[in-house]
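Visitor: Sharing a structure here in structure tokens format.
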There are 2 protein chains.
Amino acid sequence: MTQRAGGRQGRQARRARPGKAVVGPGLPGGSYKPLSDRDVERIHETALDLLEQVGMANPLPILKEHALAKGCWLDEHNRLCFPRALVEDVIAAVPRTFVTLGRDPKYDHENAAGRVHFGPGGDSISTLDVDEHRYRPSTIIDVYDFARLIDRLEHVHDFSQVVVATDIADLRSADINMAYAAMAGTTKHIVLSPNNARHLDDLIHLMDLVLGGEGKHRERPFCSAGGCCVVSPLAYGDENSEVCLAATRIGAPVWAVMAPQTGATAPAALAGTLAQVTAESLAALLLVQLVVPGHSMAFGPWPFVSDLRTGAFTGGGGEQAVLAAAAAQIGLFYGLPTSVGAGMSDAKWPDAQMGFEKGVTVTAAALAGAKVSEACGMMASLMGCSFETMVIDNDMLGMIQRLLKGVEVSDETLSFEVIKEVVRGPGHYLGHPQTLSLMETEYLYPKLADRTSQAEWQDAGSADILEAAKTRVHKILSAHYPAYIDPATDAKVREHFKIHLPEEAMRLGNGRW
Amino acid sequence: MTQRAGGRQGRQARRARPGKAVVGPGLPGGSYKPLSDRDVERIHETALDLLEQVGMANPLPILKEHALAKGCWLDEHNRLCFPRALVEDVIAAVPRTFVTLGRDPKYDHENAAGRVHFGPGGDSISTLDVDEHRYRPSTIIDVYDFARLIDRLEHVHDFSQVVVATDIADLRSADINMAYAAMAGTTKHIVLSPNNARHLDDLIHLMDLVLGGEGKHRERPFCSAGGCCVVSPLAYGDENSEVCLAATRIGAPVWAVMAPQTGATAPAALAGTLAQVTAESLAALLLVQLVVPGHSMAFGPWPFVSDLRTGAFTGGGGEQAVLAAAAAQIGLFYGLPTSVGAGMSDAKWPDAQMGFEKGVTVTAAALAGAKVSEACGMMASLMGCSFETMVIDNDMLGMIQRLLKGVEVSDETLSFEVIKEVVRGPGHYLGHPQTLSLMETEYLYPKLADRTSQAEWQDAGSADILEAAKTRVHKILSAHYPAYIDPATDAKVREHFKIHLPEEAMRLGNGRW
């Protein structure tokens, strides 16, 4: 190979090649440790003290039954107290890895302690209309459109109910329709948040219908379900406890996240919030594992922050960044697949505030090593979601994955011979074979972020990234009407369930985008 | 103290109190380690190999003289080669800490390995005019205005030549005038970038005049100077080598930063870039330490990134984030005060791209533990600066410092008793004495970032953070005309030097803002 092998032409040829994946799901985090080892142990010990000496209020009867048989007791306040040995045993017995399946196997992702995935989180009640400069109530069509969009965003690893269909009042119907809209829009793994355990049979029926036969979902449970089964501080919630147990019947990993808020439902002292959220996350493990031993689930500490001037939730501060990172570290300490929340900007508009609040919090959480939920799309302190924000965040998540990928250090990459050769030769690395060979594997090129010169930017109309985001959203949503549910199947689904998503809205050229 | 001590009234009283500093300069980083210990050692070893076997081109005669006397040699390419034992000795002998002095002692900051400070970096040639939606050439008035602005930004720890006075063609006059404009605008530490070593006498004379007597600057050298003394790959630059040596005469720490760019002036392999930039940064230490032993200076590896599709510098990618963090880790390995570059967004507008590119890169660099330069104000791949961006970034830097501050873990903060009390009592922490006592010490409240509700935001005009930034810039720059150089002194300065900054521009009510 000559030194300028390929030269300009070669570079252009390489440029034209479809890029190999420079980054992907499951990159290892954990190289950032906000807490000392001793601090993690003290938080763990305090969490065990809380579970043993303060206990959990309001356990489901079935949990109480299993727990009492295992040596737990009810204290004088009728709270269920867990002996530390039992808690340690349950932590040790939870599966260390699980796979979240996509309906398309290319989206199957292995989850394990420290592995970083990005999910959108959500359940917000409004969607930003950028043209009208305001939020409007989210609808079932938004759920479908967000699913179609995420289906095309390379750095968003699963779909969850980013917005709630506020146009469907009946909660059972809402659960079915949100699952349907998601399945119609994406073949990535789908995370459901059923309102009630009684809806699980319907949801499983829907999955079976979509896959073409009773029991089919068990072969490839591409949806998972769960809920926030704890009402902070330290009480179980009935409905979501039931949802978490019923969700095991899908056969997919159960999700359960705890979101106590500093100074409101958790102590203002961050260490206290971490102790409490750890106890609550262990209480969720105990709930599922004592009743359905060995079922896969993620550890889900999502400590949230209050702005103590107003008491309102705030997701965009440094306190949120360090809490999410510390929660990830605690999950890594337990060796469990872990999910934390970050990316919850307080900005109402896709502006610089949104960018830096998400950039700082998601980076901190990802470097600490966990699945990061709420990582994209969310705005307005979790009250709203935005299509344009989703595609901007996708770029950011690519960048953060490139950061996570780190630096490969080997004799070859240390480049001693390359440097010597360049120093004694041409004096620059532009056409060096190493440069050409690494340009598509070592470097990630953003989809939206503008790297043009000032003059080019000005000539092109001095646009901000929102314009590029609008263009990408339009391009995807006006064209990507996937046939993930074929017409015959769709007809069967619509026979069995009242589907609110109009068939018209699912057809190319309907004028919606 | 009763549980609701003070209640709403107490909370309001606390709110009204001037906030104690929740964060400040010099917070410890280093809890993020992108490289393994072994990888750092291999990079170090490769850097020593490079200095010994490839050497540095173009050393100053005085450096050559000192180096040859210490056992260095010139190889057959006339390159100065450094034996590894000498390099190790020099690393061991460089001062481990130094103080950067402000003209006002409240801005004195101690620098040491792993300590995080934020500086603006700069030397960009244009300033963003947000009203006109374009960049214009920067002027000496911009230098003065940026100095006044930074003088009032609590999370920007020093001032440097963020923009160049392109309206002063003569380089000597430009150097003097930029120093004057900086001194007139701020009493924070000032980092100068003289164009030529011959200007140092003038600059020292100027400092003495401002402080009121010959030799006065030596008592409190509130300016430092230096330059990029290496032309990558692995050659010294004449003029900046001379500047770095001459700068020692100020009596302040010398700065010297190396900015080789991947795939252009450094290998495309990131590990190779780190090896080369480490060798170059050690070469800068060798230059100053062999000629002026024991003079304080920072280790300055600033690896930069090319977009290999175009060859252009790009500051906003994940590659930049991990390189800056790795460079910080290498400085920590040497135990030296270290400066790295991050925050160099490619965005031309203060938009979401700017926010996330700065958020990710500055967070990574700061968590790895170094002074972060270019941390605020810089836009357009270092080609432009913006007043509005500077105040937005100030908010971001506060947030990142809150992240760095971490979580204090103690018996008290773990809050076992507080949690028990709340769980058995009111069920929430809102009025708890702990909450009230921590609201001004544990939590940082942003100056600009909007935490209002969607409805409040919409009622207030659906503004993005740029509007708030414009307001803050206007508020500071229309009012803050400090008398840091009193009229009599100013007259003397103007007698000695041709000062381009019009006196009119330095007066309140001149209508400029």
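We label chains A, B, ... in the order they appear in the structure tokens, count residues from 1 in each chain, and number ligands from 1 in the order shown.
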Skip Thr452 (chain A) itself and residues of its chain fewer than 6 positions away, then list as a ChimeraX atom specification all residues within 9 Å of it, counting only C-alpha atoms.
Guide: /B:312,346-348,380
Visitor: Based on the selection just made, write C-alpha atoms of those residues as an mmCIF file, in the first residue's frame.
Guide:
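Wrote it out as part30.cif, contents follow:
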data_model
loop_
_atom_site.group_PDB
_atom_site.id
_atom_site.type_symbol
_atom_site.label_atom_id
_atom_site.label_comp_id
_atom_site.auth_asym_id
_atom_site.auth_seq_id
_atom_site.Cartn_x
_atom_site.Cartn_y
_atom_site.Cartn_z
ATOM 1 C CA ALA B 312 -11.824 20.618 9.042
ATOM 2 C CA ASP B 346 -19.404 23.524 15.951
ATOM 3 C CA ALA B 347 -22.779 25.260 16.212
ATOM 4 C CA LYS B 348 -22.968 28.748 14.786
ATOM 5 C CA ALA B 380 -18.396 27.888 15.264
#
Visitor: With a distance cut-off of 12 Å and only C-alpha atoms, select the neighbouring residues of Ser36 (chain B), excluding the residue or stretch itself and same-chain residues fewer than 2 positions from it, and output the selection as a PDB file with N, CA and C atoms, in the first residue's frame.
Guide:
ATOM      1  N   GLY A  30     -19.367   2.882  33.483  1.00  0.00           N
ATOM      2  CA  GLY A  30     -18.802   2.555  34.791  1.00  0.00           C
ATOM      3  C   GLY A  30     -17.425   3.133  35.018  1.00  0.00           C
ATOM      4  N   SER A  31     -16.881   3.842  34.015  1.00  0.00           N
ATOM      5  CA  SER A  31     -15.557   4.446  34.228  1.00  0.00           C
ATOM      6  C   SER A  31     -15.661   5.753  35.021  1.00  0.00           C
ATOM      7  N   TYR A  32     -16.880   6.200  35.266  1.00  0.00           N
ATOM      8  CA  TYR A  32     -17.103   7.350  36.158  1.00  0.00           C
ATOM      9  C   TYR A  32     -17.757   6.826  37.427  1.00  0.00           C
ATOM     10  N   GLY A 406     -14.731   5.106  24.051  1.00  0.00           N
ATOM     11  CA  GLY A 406     -13.413   5.336  24.616  1.00  0.00           C
ATOM     12  C   GLY A 406     -12.292   5.299  23.607  1.00  0.00           C
ATOM     13  N   VAL A 407     -11.126   4.965  24.087  1.00  0.00           N
ATOM     14  CA  VAL A 407      -9.911   4.968  23.280  1.00  0.00           C
ATOM     15  C   VAL A 407      -9.335   3.559  23.302  1.00  0.00           C
ATOM     16  N   GLU A 408      -9.173   2.989  22.141  1.00  0.00           N
ATOM     17  CA  GLU A 408      -8.554   1.664  22.053  1.00  0.00           C
ATOM     18  C   GLU A 408      -7.041   1.858  22.081  1.00  0.00           C
ATOM     19  N   VAL A 409      -6.393   1.254  23.051  1.00  0.00           N
ATOM     20  CA  VAL A 409      -4.939   1.402  23.177  1.00  0.00           C
ATOM     21  C   VAL A 409      -4.278   0.066  22.844  1.00  0.00           C
TER      22      VAL A 409
ATOM     23  N   TYR B  32     -13.894  10.189  36.934  1.00  0.00           N
ATOM     24  CA  TYR B  32     -14.108   9.538  35.634  1.00  0.00           C
ATOM     25  C   TYR B  32     -12.736   9.240  35.032  1.00  0.00           C
ATOM     26  N   LYS B  33     -12.490   7.990  34.724  1.00  0.00           N
ATOM     27  CA  LYS B  33     -11.205   7.579  34.147  1.00  0.00           C
ATOM     28  C   LYS B  33     -11.464   6.837  32.846  1.00  0.00           C
ATOM     29  N   PRO B  34     -11.359   7.550  31.726  1.00  0.00           N
ATOM     30  CA  PRO B  34     -11.652   6.880  30.456  1.00  0.00           C
ATOM     31  C   PRO B  34     -10.632   5.808  30.094  1.00  0.00           C
ATOM     32  N   ARG B  38      -3.129   0.831  32.944  1.00  0.00           N
ATOM     33  CA  ARG B  38      -2.150   0.263  32.019  1.00  0.00           C
ATOM     34  C   ARG B  38      -2.104   1.072  30.715  1.00  0.00           C
ATOM     35  N   ASP B  39      -3.293   1.502  30.243  1.00  0.00           N
ATOM     36  CA  ASP B  39      -3.331   2.302  29.011  1.00  0.00           C
ATOM     37  C   ASP B  39      -2.591   3.627  29.202  1.00  0.00           C
ATOM     38  N   VAL B  40      -2.775   4.253  30.358  1.00  0.00           N
ATOM     39  CA  VAL B  40      -2.077   5.520  30.617  1.00  0.00           C
ATOM     40  C   VAL B  40      -0.570   5.286  30.586  1.00  0.00           C
ATOM     41  N   GLU B  41      -0.139   4.198  31.228  1.00  0.00           N
ATOM     42  CA  GLU B  41       1.306   3.908  31.232  1.00  0.00           C
ATOM     43  C   GLU B  41       1.841   3.669  29.825  1.00  0.00           C
ATOM     44  N   ARG B  42       1.055   2.983  29.007  1.00  0.00           N
ATOM     45  CA  ARG B  42       1.519   2.727  27.638  1.00  0.00           C
ATOM     46  C   ARG B  42       1.592   4.017  26.829  1.00  0.00           C
ATOM     47  N   ILE B  43       0.662   4.907  27.052  1.00  0.00           N
ATOM     48  CA  ILE B  43       0.709   6.206  26.360  1.00  0.00           C
ATOM     49  C   ILE B  43       1.948   6.976  26.818  1.00  0.00           C
ATOM     50  N   ALA B 326      -9.336  12.011  28.412  1.00  0.00           N
ATOM     51  CA  ALA B 326      -8.132  11.182  28.510  1.00  0.00           C
ATOM     52  C   ALA B 326      -6.910  12.056  28.772  1.00  0.00           C
ATOM     53  N   GLN B 329      -6.809  12.892  32.320  1.00  0.00           N
ATOM     54  CA  GLN B 329      -6.361  11.734  33.112  1.00  0.00           C
ATOM     55  C   GLN B 329      -4.844  11.582  33.056  1.00  0.00           C
ATOM     56  N   ILE B 330      -4.256  11.863  31.909  1.00  0.00           N
ATOM     57  CA  ILE B 330      -2.798  11.774  31.782  1.00  0.00           C
ATOM     58  C   ILE B 330      -2.129  12.839  32.667  1.00  0.00           C
ATOM     59  N   PHE B 333      -2.215  11.594  36.115  1.00  0.00           N
ATOM     60  CA  PHE B 333      -1.183  10.548  36.243  1.00  0.00           C
ATOM     61  C   PHE B 333       0.166  11.179  36.578  1.00  0.00           C
TER      62      PHE B 333
END
Visitor: Write out as a VMD selection string the residues lying within 10 Å of Arg451 (chain A), counting only C-alpha atoms and excluding same-chain residues fewer than 3 positions away.
Guide: (chain A and resid 445 to 446 448 454 456 to 457) or (chain B and resid 307 310 312 to 316 345 to 348 380 to 381)
Visitor: Can you write just those residues out, C-alpha atoms, as a PDB file, in the first residue's frame?
Guide:
ATOM      1  CA  TYR A 445     -20.484  11.658  11.943  1.00  0.00           C
ATOM      2  CA  PRO A 446     -23.598  13.405  13.212  1.00  0.00           C
ATOM      3  CA  LEU A 448     -28.026  16.855  12.197  1.00  0.00           C
ATOM      4  CA  GLN A 454     -19.620  30.401   9.356  1.00  0.00           C
ATOM      5  CA  GLU A 456     -21.601  28.378   4.593  1.00  0.00           C
ATOM      6  CA  TRP A 457     -23.980  28.620   7.528  1.00  0.00           C
TER       7      TRP A 457
ATOM      8  CA  ASP B 307     -13.891  15.748  10.636  1.00  0.00           C
ATOM      9  CA  THR B 310     -13.473  17.428   5.078  1.00  0.00           C
ATOM     10  CA  ALA B 312     -11.824  20.618   9.042  1.00  0.00           C
ATOM     11  CA  PHE B 313     -11.469  21.034  12.794  1.00  0.00           C
ATOM     12  CA  THR B 314     -14.512  19.834  14.706  1.00  0.00           C
ATOM     13  CA  GLY B 315     -14.882  20.436  18.425  1.00  0.00           C
ATOM     14  CA  GLY B 316     -18.343  19.030  18.997  1.00  0.00           C
ATOM     15  CA  SER B 345     -19.063  23.590  19.715  1.00  0.00           C
ATOM     16  CA  ASP B 346     -19.404  23.524  15.951  1.00  0.00           C
ATOM     17  CA  ALA B 347     -22.779  25.260  16.212  1.00  0.00           C
ATOM     18  CA  LYS B 348     -22.968  28.748  14.786  1.00  0.00           C
ATOM     19  CA  ALA B 380     -18.396  27.888  15.264  1.00  0.00           C
ATOM     20  CA  SER B 381     -15.474  25.480  15.785  1.00  0.00           C
TER      21      SER B 381
END
Visitor: Extract, using only C-alpha atoms, all DNA, RNA and protein residues at most 8 Å from Ala67 (chain B), discarding same-chain residues fewer than 6 positions from it, and format them as a ChimeraX atom specification.
Guide: /B:73,82,290
Visitor: Take the residues from that selection and put them in a file with N, CA and C atoms, as an mmCIF file, in the first residue's frame.
Guide:
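selection_36.cif, freshly written:
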data_model
loop_
_atom_site.group_PDB
_atom_site.id
_atom_site.type_symbol
_atom_site.label_atom_id
_atom_site.label_comp_id
_atom_site.auth_asym_id
_atom_site.auth_seq_id
_atom_site.Cartn_x
_atom_site.Cartn_y
_atom_site.Cartn_z
ATOM 1 N N TRP B 73 20.715 14.824 22.740
ATOM 2 C CA TRP B 73 21.528 14.786 21.523
ATOM 3 C C TRP B 73 20.685 15.177 20.311
ATOM 4 N N PHE B 82 15.523 13.594 23.655
ATOM 5 C CA PHE B 82 15.607 13.697 25.112
ATOM 6 C C PHE B 82 15.666 12.307 25.735
ATOM 7 N N LEU B 290 14.081 23.346 31.424
ATOM 8 C CA LEU B 290 15.533 23.259 31.233
ATOM 9 C C LEU B 290 16.160 24.652 31.227
#
Visitor: Just the number, please: distance in Å from CA of Val422 (chain B) to CA of Glu45 (chain A), one decimal.
Guide: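 Those two atoms sit 19.4 Å apart.
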Visitor: Give me, as JSON, numbers by chain, all polymer residues having an atom no more than 9 Å from Cys72 (chain B), counting only C-alpha atoms and skipping those fewer than 6 positions away in the same chain.
Guide: {"B": [52, 64, 66, 80, 81, 82, 83, 86]}
Visitor: Do a neighbour search on Arg424 (chain A) at 9 Å with only C-alpha atoms, toss out local chain neighbours closer than 3 positions, and write the hits as a list in words.
Guide: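 That gives Ile419, Lys420, Glu421 and Gly427 of chain A; Val54 and His77 of chain B.
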Visitor: With a distance cut-off of 8 Å and only C-alpha atoms, select the neighbouring residues of Ala247 (chain A), excluding the residue or stretch itself and same-chain residues fewer than 6 positions from it, and output the selection as a list in words.
Guide: Ala197, Leu200, Ser224, Ala225, Gly226 and Val254 of chain A
Visitor: Would you list, as number ranges by chain, the residues of region 327-371 of chain B that end up in strand (DSSP E or B) under DSSP run on this structure's backbone?
Guide: B: 338-341, 351, 371
Visitor: Could you turn the residues from that selection into a file that holds N, CA and C atoms, as a PDB file, in the first residue's frame?
Guide:
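Listing of result-v7.pdb after writing:
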ATOM      1  N   THR B 338      -3.179  20.720  35.212  1.00  0.00           N
ATOM      2  CA  THR B 338      -3.353  20.400  33.795  1.00  0.00           C
ATOM      3  C   THR B 338      -4.487  21.216  33.200  1.00  0.00           C
ATOM      4  N   SER B 339      -4.299  21.590  31.954  1.00  0.00           N
ATOM      5  CA  SER B 339      -5.356  22.293  31.240  1.00  0.00           C
ATOM      6  C   SER B 339      -5.689  21.531  29.975  1.00  0.00           C
ATOM      7  N   VAL B 340      -6.985  21.373  29.696  1.00  0.00           N
ATOM      8  CA  VAL B 340      -7.427  20.742  28.453  1.00  0.00           C
ATOM      9  C   VAL B 340      -8.475  21.653  27.806  1.00  0.00           C
ATOM     10  N   GLY B 341      -8.765  21.376  26.542  1.00  0.00           N
ATOM     11  CA  GLY B 341      -9.768  22.163  25.827  1.00  0.00           C
ATOM     12  C   GLY B 341     -11.043  21.362  25.624  1.00  0.00           C
ATOM     13  N   ASP B 351     -27.934  27.280  20.038  1.00  0.00           N
ATOM     14  CA  ASP B 351     -29.098  26.411  19.889  1.00  0.00           C
ATOM     15  C   ASP B 351     -28.889  25.094  20.644  1.00  0.00           C
ATOM     16  N   LYS B 371      -8.251  21.780  34.547  1.00  0.00           N
ATOM     17  CA  LYS B 371      -8.798  23.063  34.147  1.00  0.00           C
ATOM     18  C   LYS B 371      -9.334  22.897  32.738  1.00  0.00           C
TER      19      LYS B 371
END
Visitor: Can you list every residue in region 285-458 of chain A that DSSP puts in helix (DSSP H, G or I), as a ChimeraX atom specification?
Guide: /A:285-291,318-334,352-368,380-382,387-405,411-414,416-424,433-438,454-458
